[in-house]
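Q: The structure is given below, and queries will be raised subsequently.
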Amino acid sequence: MQTSQENTGNAGGNALERRIDLSLPLAAIDQDVLQRLKRLARTVKMAGFRPGKVPFKMVAQQYGHEARSEAIGAAIEKMFGDKVREQNLRVVGYPRFEQKPGEAGVEPSQLEFSAVFEVYPEVVLGDISGSEIERPALSVTDAEIDKTIEVLRQQRVSYGAAGRPAASGDRVVIDFVGRRDGEAFAGGEGKDFAIVLGGGKMLADFEAALTGMATGEEKTFDLTFPADYQAQDLAGQTVSFEVKLKSVEAPQLPALDAEFAKSLGVEDGDLARMRDEVRANLEREVKKRLKERVKNQVMEALLAVNPITVPKALIEAESRQMAEAALRDLEARGMSAKNVPVEPSWFTAQATRRTTLGIILAELVKDRGLAAKPEQTRAVIDDFAETYEDPAEVVRWYYSQPERLAEAEGLVMENNVVDWVLANAKVKETAVSFDELMGNAK
């Protein structure tokens with residue numbers, strides 16, 4: 001048996017690709033084939049013969065090719081495994097075996113193969129001390145509580161007859177027909193179509209034309225679609241709309257009373273208790289969003305100071321998993337995966353980032369001792385369980401599902417990494433507005 005190993009990476013190729021040449025003596029392969037056929041002959045069944053009494057020549061004729069393939073496969077696998085252990089190589093994925101052609105007219109004494117594979121990159125952790133991290137800060141005050149309660153009221157809005165012309169915030173019901181060059185166009189017609197003016201469901205110019213109309217009024221107006229309109233055949237085109245306004249309803253917010261508090265789950269309708277619960281939920285959400293912002297900055301900083309090459313095999317595997325997850329999500333939404341092709345290549349960029357971070361974090365956790373401790377994992381699970389009616393049942397569920405427990409441990413590990421980076425990088429605390437953090441800034 002002979003082997004040799006080379007780095008096939010180059011400036012324009014895969015720097016992590018390796019090739020091991022394997023040479024298998026035919027005599028050893030032939031001997032293994034013979035032993036396999038002898039073992040098989042003891043139990044093989046053929047018509048006209050009792051088990052174990054089939055002539056060896058017939059066994060070899062029937063099963064020789066299969067036995068030879070198995071013998072060669074086993075020899076290659078063992079030789080490759082020995083070489084990997086000898087060289088202390090961290091192989092990614094499965095190797096690709098290529099048989100080399102023999103010399104013409106020469107009876108070979110060896111079978112020549114090449115194993116082509118990727119290895120994990122050598123990670124030398126970069127210096128994070130020069131990286132700058134902005135840590136946003138926001139304290140929840142009564143103003144944020146009031147604003148959140150107002151949002152909750154808006155979510156429970158009802159509508160009643162306005163008895164006046166339509167204004168912003170009103171819900172109107174219309175019939176309409178759009179015409180281009182005098183002909184109705186696809187998607188430009190609707191009956192009993194409800195719109196909340198100012199809600200952004202329709203183009204702003206369309207909603208503006210409805211403002212001030214009264215119930216029963218009809219109107220014709222021109223409208224020019226934006227140049228970047230999603231329907232390309234209408235982009236930049238001017239069309240004419242005929243509209244009949246059938247009803248105008250004004251928004252009616254629920255009163256801030258006991259009934260409203262009950263609708264939020266406060267059984268006794270106590271408004272003070274309602275505010276306390278809104279505050280607790282809001283503080284939890286604010287804390288979560290602040291942590292997420294910091295975490296994203298930390299991950300970007302780690303990527304910046306740890307440029308590494310990622311094995312293609314890992315990226316491809318991650319891309320496939322992300323595509324499969326997307327398909328499952330579509331199916332959960334009631335869409336048939338057969339009608340919605342999802343290509344793993346769509347997720348290559350995300351998979352590359354996720355895989356790169358995974359390698360960097362694993363090295364950092366090992367090098368700095370940032371693995372999750374049992375008490376940290378339990379604290380994360382307890383915190384999550386608090387949002388449920390029966391926290392103890394949630395805790396039991398986590399500890400009875402190894403994959404769920406692993407998720408919690410992974411979260412703790414990420415938290416430990418974030419804390420370590422914040423302790424070693426340049427951190428600047430900056431105030432952030434409530435609207436900006438919650439995505440309400442305009």
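Identifiers for the structure tokens are assigned positionally: chains receive A, B, ... in sequence, residues are indexed from 1 per chain, and ligands are indexed from 1 in the order shown.
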Fewer than 4 positions away in the same chain doesn't count, so skip those; otherwise give me all residues within 12 Å of Trp346 in chain A, counting only C-alpha atoms, as a list in words.
A: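 Neighbouring residues, sequence-local ones excluded: Ile315, Glu316, Glu318, Ser319, Arg320, Gln321, Met322, Ala323, Glu324, Ala326, Pro341, Val342, Gln350, Ala351 and Thr352 of chain A.
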Q: Could you pull the residues within 10 Å of Val365 in chain A, counting only C-alpha atoms, minus those fewer than 4 positions along the same chain, as a list in words?
A: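 Close residues of Val365 in chain A: Ile360, Leu361, Gly369, Leu370, Ala371, Ala372, Met413, Glu414, Asn416, Val417 and Trp420 of chain A.
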Q: I need the residue nearest Asn296 in chain A from this list: A:Asp205, A:Glu134, A:Glu436, A:Glu98. Use only C-alpha atoms for the distance.
A: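 Using only C-alpha atoms, the shortest distance to Asn296 in chain A belongs to A:Glu134.
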Q: Of the candidates A:Leu203, A:Val44, A:Leu314, A:Ile145, which one gets nearest to Tyr120 in chain A if we count only C-alpha atoms?
A: A:Leu314
Q: Please measure the separation of CA of Lys373 in chain A and CA of Pro391 in chain A, giving the value in Å to one decimal.
A: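 These atoms are spaced 21.0 Å apart.
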Q: Excluding same-chain residues fewer than 5 positions from range 421-431 of chain A, what lies within 12 Å of it counting only C-alpha atoms, as a ChimeraX atom specification?
A: /A:126-139,290-291,293-302,305,361,364-365,368,370,414-416,436-437
Q: In terms of the shortest atom-to-atom distance over only C-alpha atoms, which of A:Pro251, A:Pro307, A:Pro374, A:Gly178 is closest to Thr220 in chain A?
A: A:Gly178
Q: Would you mind listing what lies within 8 Å of Val278 in chain A as JSON, numbers by chain, with only C-alpha atoms counted and same-chain residues fewer than 4 positions away left out?
A: {"A": [145, 148, 149, 274, 282]}
Q: Would you put the residues from that selection into a file with N, CA and C atoms, as a CSV table (one decimal), in the first residue's frame?
A:
chain,number,residue,atom,x,y,z
A,145,ILE,N,-45.2,53.5,27.3
A,145,ILE,CA,-46.4,52.7,27.7
A,145,ILE,C,-47.6,53.3,27.0
A,148,THR,N,-47.7,52.5,23.3
A,148,THR,CA,-48.0,51.1,23.0
A,148,THR,C,-49.4,50.8,23.2
A,149,ILE,N,-50.0,51.4,24.3
A,149,ILE,CA,-51.5,51.2,24.5
A,149,ILE,C,-52.3,51.8,23.3
A,274,MET,N,-53.3,46.4,33.9
A,274,MET,CA,-53.1,46.3,32.5
A,274,MET,C,-51.8,47.1,32.1
A,282,LEU,N,-43.4,45.1,27.2
A,282,LEU,CA,-42.6,46.1,26.5
A,282,LEU,C,-41.1,46.1,26.9
Q: Could you name the residues that touch Glu118 in chain A at 12 Å or less, counting only C-alpha atoms, but leaving out those on the same chain fewer than 6 positions away, as JSON, numbers by chain?
A: {"A": [6, 7, 8, 9, 14, 15, 16, 17, 18, 19, 20, 84, 89, 90, 91, 92, 93, 94, 95, 96, 309, 310, 311, 312, 313, 314, 315]}
Q: Of the candidates A:Gln35, A:Gln237, A:Thr43, A:Gln99, which shows the shortest atom-to-atom distance to Phe113 in chain A, using only C-alpha atoms?
A: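 Nearest candidate to Phe113 in chain A out of A:Gln35, A:Gln237, A:Thr43, A:Gln99: A:Gln99.
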Q: What is the CA of Val412 in chain A to CA of Ile308 in chain A distance in Å?
A: 24.3 Å
Q: Quick one: residues within 9 Å of Gly190 in chain A, only C-alpha atoms counted, chain neighbours fewer than 2 positions away excluded, as a list in words?
A: Ile174, Asp175, Phe176, Val177, Gly187, Gly188, Asp192 and Phe193 of chain A
Q: Per DSSP on the backbone, filter range 94-264 of chain A down to the residues in helix (DSSP H, G or I) and report them as a list in words.
A: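 Reading the DSSP output for range 94-264 of chain A, helix (DSSP H, G or I) covers Asp142, Ala143, Glu144, Ile145, Asp146, Lys147, Thr148, Ile149, Glu150, Val151, Leu152, Arg153, Gln154, Gln155, Ala204, Asp205, Phe206, Glu207, Ala208, Ala209, Leu210, Ala258, Glu259, Phe260, Ala261, Lys262 and Ser263 of chain A.
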Q: Restricted to N, CA and C atoms, what would the selected residues look like written as a PDB file, in the first residue's frame?
A:
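Result saved to again14.pdb:
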ATOM      1  N   ASP A 142     -43.273  56.086  30.932  1.00  0.00           N
ATOM      2  CA  ASP A 142     -44.735  56.147  30.769  1.00  0.00           C
ATOM      3  C   ASP A 142     -45.125  56.549  29.348  1.00  0.00           C
ATOM      4  N   ALA A 143     -44.260  57.353  28.698  1.00  0.00           N
ATOM      5  CA  ALA A 143     -44.568  57.783  27.332  1.00  0.00           C
ATOM      6  C   ALA A 143     -44.601  56.587  26.387  1.00  0.00           C
ATOM      7  N   GLU A 144     -43.671  55.660  26.566  1.00  0.00           N
ATOM      8  CA  GLU A 144     -43.649  54.462  25.715  1.00  0.00           C
ATOM      9  C   GLU A 144     -44.837  53.553  26.028  1.00  0.00           C
ATOM     10  N   ILE A 145     -45.222  53.508  27.312  1.00  0.00           N
ATOM     11  CA  ILE A 145     -46.392  52.711  27.693  1.00  0.00           C
ATOM     12  C   ILE A 145     -47.634  53.279  27.009  1.00  0.00           C
ATOM     13  N   ASP A 146     -47.799  54.605  27.081  1.00  0.00           N
ATOM     14  CA  ASP A 146     -48.964  55.249  26.459  1.00  0.00           C
ATOM     15  C   ASP A 146     -48.990  54.996  24.956  1.00  0.00           C
ATOM     16  N   LYS A 147     -47.828  55.116  24.324  1.00  0.00           N
ATOM     17  CA  LYS A 147     -47.764  54.918  22.879  1.00  0.00           C
ATOM     18  C   LYS A 147     -48.116  53.478  22.504  1.00  0.00           C
ATOM     19  N   THR A 148     -47.661  52.518  23.302  1.00  0.00           N
ATOM     20  CA  THR A 148     -47.956  51.114  23.016  1.00  0.00           C
ATOM     21  C   THR A 148     -49.437  50.821  23.201  1.00  0.00           C
ATOM     22  N   ILE A 149     -50.032  51.376  24.251  1.00  0.00           N
ATOM     23  CA  ILE A 149     -51.466  51.176  24.476  1.00  0.00           C
ATOM     24  C   ILE A 149     -52.264  51.760  23.316  1.00  0.00           C
ATOM     25  N   GLU A 150     -51.813  52.917  22.806  1.00  0.00           N
ATOM     26  CA  GLU A 150     -52.495  53.531  21.663  1.00  0.00           C
ATOM     27  C   GLU A 150     -52.404  52.620  20.432  1.00  0.00           C
ATOM     28  N   VAL A 151     -51.257  51.983  20.243  1.00  0.00           N
ATOM     29  CA  VAL A 151     -51.110  51.038  19.126  1.00  0.00           C
ATOM     30  C   VAL A 151     -52.072  49.863  19.295  1.00  0.00           C
ATOM     31  N   LEU A 152     -52.196  49.388  20.527  1.00  0.00           N
ATOM     32  CA  LEU A 152     -53.116  48.277  20.803  1.00  0.00           C
ATOM     33  C   LEU A 152     -54.558  48.686  20.523  1.00  0.00           C
ATOM     34  N   ARG A 153     -54.897  49.939  20.824  1.00  0.00           N
ATOM     35  CA  ARG A 153     -56.242  50.431  20.505  1.00  0.00           C
ATOM     36  C   ARG A 153     -56.444  50.487  18.994  1.00  0.00           C
ATOM     37  N   GLN A 154     -55.421  50.974  18.288  1.00  0.00           N
ATOM     38  CA  GLN A 154     -55.514  51.051  16.827  1.00  0.00           C
ATOM     39  C   GLN A 154     -55.715  49.666  16.210  1.00  0.00           C
ATOM     40  N   GLN A 155     -55.102  48.660  16.805  1.00  0.00           N
ATOM     41  CA  GLN A 155     -55.244  47.297  16.296  1.00  0.00           C
ATOM     42  C   GLN A 155     -56.658  46.750  16.496  1.00  0.00           C
ATOM     43  N   ALA A 204     -50.620  56.270  -3.501  1.00  0.00           N
ATOM     44  CA  ALA A 204     -50.992  57.487  -2.773  1.00  0.00           C
ATOM     45  C   ALA A 204     -51.880  58.391  -3.619  1.00  0.00           C
ATOM     46  N   ASP A 205     -51.609  58.494  -4.929  1.00  0.00           N
ATOM     47  CA  ASP A 205     -52.429  59.352  -5.796  1.00  0.00           C
ATOM     48  C   ASP A 205     -53.844  58.811  -5.935  1.00  0.00           C
ATOM     49  N   PHE A 206     -53.989  57.493  -5.904  1.00  0.00           N
ATOM     50  CA  PHE A 206     -55.317  56.884  -5.994  1.00  0.00           C
ATOM     51  C   PHE A 206     -56.117  57.220  -4.736  1.00  0.00           C
ATOM     52  N   GLU A 207     -55.486  57.053  -3.560  1.00  0.00           N
ATOM     53  CA  GLU A 207     -56.172  57.340  -2.301  1.00  0.00           C
ATOM     54  C   GLU A 207     -56.493  58.836  -2.185  1.00  0.00           C
ATOM     55  N   ALA A 208     -55.583  59.679  -2.683  1.00  0.00           N
ATOM     56  CA  ALA A 208     -55.819  61.125  -2.625  1.00  0.00           C
ATOM     57  C   ALA A 208     -57.045  61.512  -3.449  1.00  0.00           C
ATOM     58  N   ALA A 209     -57.265  60.815  -4.576  1.00  0.00           N
ATOM     59  CA  ALA A 209     -58.424  61.113  -5.426  1.00  0.00           C
ATOM     60  C   ALA A 209     -59.731  60.746  -4.737  1.00  0.00           C
ATOM     61  N   LEU A 210     -59.704  59.792  -3.818  1.00  0.00           N
ATOM     62  CA  LEU A 210     -60.915  59.370  -3.109  1.00  0.00           C
ATOM     63  C   LEU A 210     -61.229  60.292  -1.934  1.00  0.00           C
ATOM     64  N   ALA A 258     -62.392  49.112  31.388  1.00  0.00           N
ATOM     65  CA  ALA A 258     -62.221  47.742  31.867  1.00  0.00           C
ATOM     66  C   ALA A 258     -62.383  46.720  30.751  1.00  0.00           C
ATOM     67  N   GLU A 259     -63.325  46.978  29.837  1.00  0.00           N
ATOM     68  CA  GLU A 259     -63.537  46.034  28.736  1.00  0.00           C
ATOM     69  C   GLU A 259     -62.295  45.938  27.857  1.00  0.00           C
ATOM     70  N   PHE A 260     -61.657  47.066  27.645  1.00  0.00           N
ATOM     71  CA  PHE A 260     -60.431  47.059  26.847  1.00  0.00           C
ATOM     72  C   PHE A 260     -59.347  46.259  27.565  1.00  0.00           C
ATOM     73  N   ALA A 261     -59.208  46.474  28.876  1.00  0.00           N
ATOM     74  CA  ALA A 261     -58.212  45.729  29.652  1.00  0.00           C
ATOM     75  C   ALA A 261     -58.478  44.230  29.580  1.00  0.00           C
ATOM     76  N   LYS A 262     -59.757  43.841  29.642  1.00  0.00           N
ATOM     77  CA  LYS A 262     -60.106  42.416  29.548  1.00  0.00           C
ATOM     78  C   LYS A 262     -59.734  41.850  28.189  1.00  0.00           C
ATOM     79  N   SER A 263     -59.864  42.668  27.139  1.00  0.00           N
ATOM     80  CA  SER A 263     -59.518  42.193  25.797  1.00  0.00           C
ATOM     81  C   SER A 263     -58.025  41.910  25.666  1.00  0.00           C
TER      82      SER A 263
END
